[in-house]
Amino acid sequence: MGKIHWKPGTVVYPVPVVMVSCGNIEQQKNIVTVAWTGTINTVPPMTYISLRPSRYSYDIIKKSGEFVINLVSKNLAFACDYCGVKSGHDIDKFQQMNLTAVKGEKISAPIIYESPVNIECCVKNILSLGTHDMFLAEVVNVSVTDAYLDKNGKFHFDKTNPVCYSHGSYYTLGERLGGFGYSVKKKKKKGKRK
């Protein structure tokens with residue numbers, strides 16, 4: 001077994017794929033599909049999305065200073081792809097995909113009600129990086145679908161059938177391998193029965 005060297009590129013895959021909603025309920029609203037997003041800080045909670053300046057949503061987000069990251073479940077995969085290949089300049093993607101726009105709790109941008117997790121964000125900084133600009137944002141509210149909560153209030157993300165993206169394809173996640181720290185967790189000793 002050997003190694004083949006490629007030119008430098010973005011090959012950290014798979015990545016989460018999300019639908020980012022922006023604008024407002026009354027006038028201009030849109031959804032853009034984004035695969036370049038993630039967590040960047042805990043306190044305050046910070047995230048980011050990277051967009052090409054040519055995207056229709058770019059100017060909406062830059063002007064409003066807010067957006068919502070809507071996580072994608074298996075039943076939203078078709079809509080997610082559609083929202084990534086069609087421009088909101090010509091169509092209402094909420095209407096085309098039968099998605100429900102509901103005003104965010106803390107911001108004017110709409111959440112996608114059908115998404116299991118909606119992360120409301122306020123832009124703090126925009127970094128021009130080349131082909132994409134990174135919108136650094138603070139998370140100001142998170143909404144989750146209560147159907148995925150157990151009786152103790154724990155959210156079961158795995159039951160939403162989350163979707164990720166890798167090299168042009170969408171995938172659902174597979175089997176659970178272990179929990180955080182499982183590699184160092186001490187095994188329980190079996191006691192003797194009396």
# chains A, B, ... in the order shown; residues from 1 in each chain; ligands from 1
>>> residues_around(residues="A:Leu71", least_positions_apart="2", cutoff="12 Å", atoms="only C-alpha atoms", output="PyMOL selection string")
chain A and resi 15-21+33-35+37-38+68-69+73-77+79-80+111-120+142-145+157+160-164
>>> closest_residue(among="A:Phe67, A:Tyr148, A:Tyr82, A:Tyr13", to="A:Ile107", atoms="only C-alpha atoms")
A:Phe67
>>> select_by_dssp(residues="stretch 39-71 of chain A", states="alpha helix (DSSP H)", output="MDAnalysis selection string")
chainID A and resid 56:64
>>> write_last_selection(atoms="N, CA and C atoms", output="compact mmCIF listing (two decimals), in the first residue's frame")
# COMPACT_ATOMS: atom_id res chain seq x y z
N TYR A 56 -27.31 34.22 -4.85
CA TYR A 56 -28.42 35.14 -4.59
C TYR A 56 -28.56 35.45 -3.10
N SER A 57 -28.34 34.46 -2.26
CA SER A 57 -28.49 34.66 -0.81
C SER A 57 -27.38 35.51 -0.20
N TYR A 58 -26.26 35.60 -0.88
CA TYR A 58 -25.10 36.33 -0.35
C TYR A 58 -25.47 37.76 0.05
N ASP A 59 -26.05 38.52 -0.90
CA ASP A 59 -26.39 39.91 -0.61
C ASP A 59 -27.50 40.04 0.43
N ILE A 60 -28.42 39.08 0.43
CA ILE A 60 -29.50 39.11 1.43
C ILE A 60 -28.90 38.98 2.83
N ILE A 61 -27.99 38.03 3.01
CA ILE A 61 -27.37 37.81 4.32
C ILE A 61 -26.46 38.98 4.69
N LYS A 62 -25.70 39.47 3.73
CA LYS A 62 -24.79 40.59 4.00
C LYS A 62 -25.57 41.83 4.45
N LYS A 63 -26.71 42.08 3.82
CA LYS A 63 -27.53 43.26 4.15
C LYS A 63 -28.25 43.07 5.49
N SER A 64 -28.85 41.91 5.71
CA SER A 64 -29.65 41.69 6.92
C SER A 64 -28.80 41.36 8.15
>>> residues_around(residues="stretch 91-99 of chain A", least_positions_apart="2", cutoff="7 Å", atoms="only C-alpha atoms", output="PDB file with all heavy atoms, in the first residue's frame")
ATOM      1  N   ASN A  30     -35.294  33.353   1.119  1.00  0.00           N
ATOM      2  CA  ASN A  30     -34.649  32.391   0.234  1.00  0.00           C
ATOM      3  C   ASN A  30     -34.028  31.263   1.047  1.00  0.00           C
ATOM      4  O   ASN A  30     -33.872  31.363   2.267  1.00  0.00           O
ATOM      5  CB  ASN A  30     -33.568  33.073  -0.613  1.00  0.00           C
ATOM      6  CG  ASN A  30     -33.130  32.191  -1.772  1.00  0.00           C
ATOM      7  OD1 ASN A  30     -33.954  31.587  -2.460  1.00  0.00           O
ATOM      8  ND2 ASN A  30     -31.838  32.088  -1.997  1.00  0.00           N
ATOM      9  N   ILE A  31     -33.689  30.206   0.340  1.00  0.00           N
ATOM     10  CA  ILE A  31     -32.971  29.062   0.909  1.00  0.00           C
ATOM     11  C   ILE A  31     -31.790  28.771  -0.009  1.00  0.00           C
ATOM     12  O   ILE A  31     -31.946  28.696  -1.226  1.00  0.00           O
ATOM     13  CB  ILE A  31     -33.859  27.799   0.981  1.00  0.00           C
ATOM     14  CG1 ILE A  31     -35.132  28.055   1.771  1.00  0.00           C
ATOM     15  CG2 ILE A  31     -33.077  26.634   1.576  1.00  0.00           C
ATOM     16  CD1 ILE A  31     -36.170  26.942   1.640  1.00  0.00           C
ATOM     17  N   ALA A  79     -35.319  18.302  -1.312  1.00  0.00           N
ATOM     18  CA  ALA A  79     -35.450  19.756  -1.221  1.00  0.00           C
ATOM     19  C   ALA A  79     -34.086  20.416  -1.052  1.00  0.00           C
ATOM     20  O   ALA A  79     -33.817  21.475  -1.627  1.00  0.00           O
ATOM     21  CB  ALA A  79     -36.369  20.137  -0.057  1.00  0.00           C
ATOM     22  N   CYS A  83     -32.662  23.177  -3.618  1.00  0.00           N
ATOM     23  CA  CYS A  83     -32.325  24.530  -3.160  1.00  0.00           C
ATOM     24  C   CYS A  83     -30.867  24.879  -3.435  1.00  0.00           C
ATOM     25  O   CYS A  83     -30.485  26.045  -3.371  1.00  0.00           O
ATOM     26  CB  CYS A  83     -32.633  24.671  -1.671  1.00  0.00           C
ATOM     27  SG  CYS A  83     -34.406  24.657  -1.322  1.00  0.00           S
ATOM     28  N   SER A  87     -31.895  28.910  -8.436  1.00  0.00           N
ATOM     29  CA  SER A  87     -31.671  30.246  -7.881  1.00  0.00           C
ATOM     30  C   SER A  87     -32.966  30.829  -7.334  1.00  0.00           C
ATOM     31  O   SER A  87     -34.012  30.772  -7.997  1.00  0.00           O
ATOM     32  CB  SER A  87     -31.116  31.187  -8.955  1.00  0.00           C
ATOM     33  OG  SER A  87     -31.038  32.508  -8.437  1.00  0.00           O
ATOM     34  N   GLY A  88     -32.874  31.394  -6.151  1.00  0.00           N
ATOM     35  CA  GLY A  88     -34.024  32.073  -5.560  1.00  0.00           C
ATOM     36  C   GLY A  88     -34.325  33.403  -6.220  1.00  0.00           C
ATOM     37  O   GLY A  88     -35.319  34.046  -5.913  1.00  0.00           O
ATOM     38  N   HIS A  89     -33.467  33.813  -7.133  1.00  0.00           N
ATOM     39  CA  HIS A  89     -33.709  35.059  -7.874  1.00  0.00           C
ATOM     40  C   HIS A  89     -34.981  34.940  -8.711  1.00  0.00           C
ATOM     41  O   HIS A  89     -35.693  35.917  -8.918  1.00  0.00           O
ATOM     42  CB  HIS A  89     -32.506  35.360  -8.774  1.00  0.00           C
ATOM     43  CG  HIS A  89     -32.591  36.669  -9.473  1.00  0.00           C
ATOM     44  ND1 HIS A  89     -33.177  36.827 -10.709  1.00  0.00           N
ATOM     45  CD2 HIS A  89     -32.179  37.898  -9.084  1.00  0.00           C
ATOM     46  CE1 HIS A  89     -33.121  38.094 -11.068  1.00  0.00           C
ATOM     47  NE2 HIS A  89     -32.520  38.766 -10.102  1.00  0.00           N
ATOM     48  N   ALA A 101     -42.176  28.446   5.948  1.00  0.00           N
ATOM     49  CA  ALA A 101     -41.335  29.518   6.489  1.00  0.00           C
ATOM     50  C   ALA A 101     -42.013  30.090   7.726  1.00  0.00           C
ATOM     51  O   ALA A 101     -43.144  30.554   7.661  1.00  0.00           O
ATOM     52  CB  ALA A 101     -41.139  30.613   5.442  1.00  0.00           C
ATOM     53  N   ILE A 112     -36.918  26.924   8.567  1.00  0.00           N
ATOM     54  CA  ILE A 112     -37.640  25.926   7.784  1.00  0.00           C
ATOM     55  C   ILE A 112     -38.266  24.997   8.809  1.00  0.00           C
ATOM     56  O   ILE A 112     -37.583  24.217   9.467  1.00  0.00           O
ATOM     57  CB  ILE A 112     -36.709  25.157   6.823  1.00  0.00           C
ATOM     58  CG1 ILE A 112     -36.054  26.128   5.838  1.00  0.00           C
ATOM     59  CG2 ILE A 112     -37.489  24.065   6.087  1.00  0.00           C
ATOM     60  CD1 ILE A 112     -34.982  25.490   4.961  1.00  0.00           C
ATOM     61  N   GLU A 114     -39.963  22.323   8.776  1.00  0.00           N
ATOM     62  CA  GLU A 114     -39.825  20.872   8.606  1.00  0.00           C
ATOM     63  C   GLU A 114     -38.442  20.347   9.023  1.00  0.00           C
ATOM     64  O   GLU A 114     -38.264  19.144   9.182  1.00  0.00           O
ATOM     65  CB  GLU A 114     -40.102  20.491   7.148  1.00  0.00           C
ATOM     66  CG  GLU A 114     -41.546  20.655   6.725  1.00  0.00           C
ATOM     67  CD  GLU A 114     -41.955  22.102   6.412  1.00  0.00           C
ATOM     68  OE1 GLU A 114     -41.072  22.997   6.404  1.00  0.00           O
ATOM     69  OE2 GLU A 114     -43.151  22.343   6.177  1.00  0.00           O
TER      70      GLU A 114
END
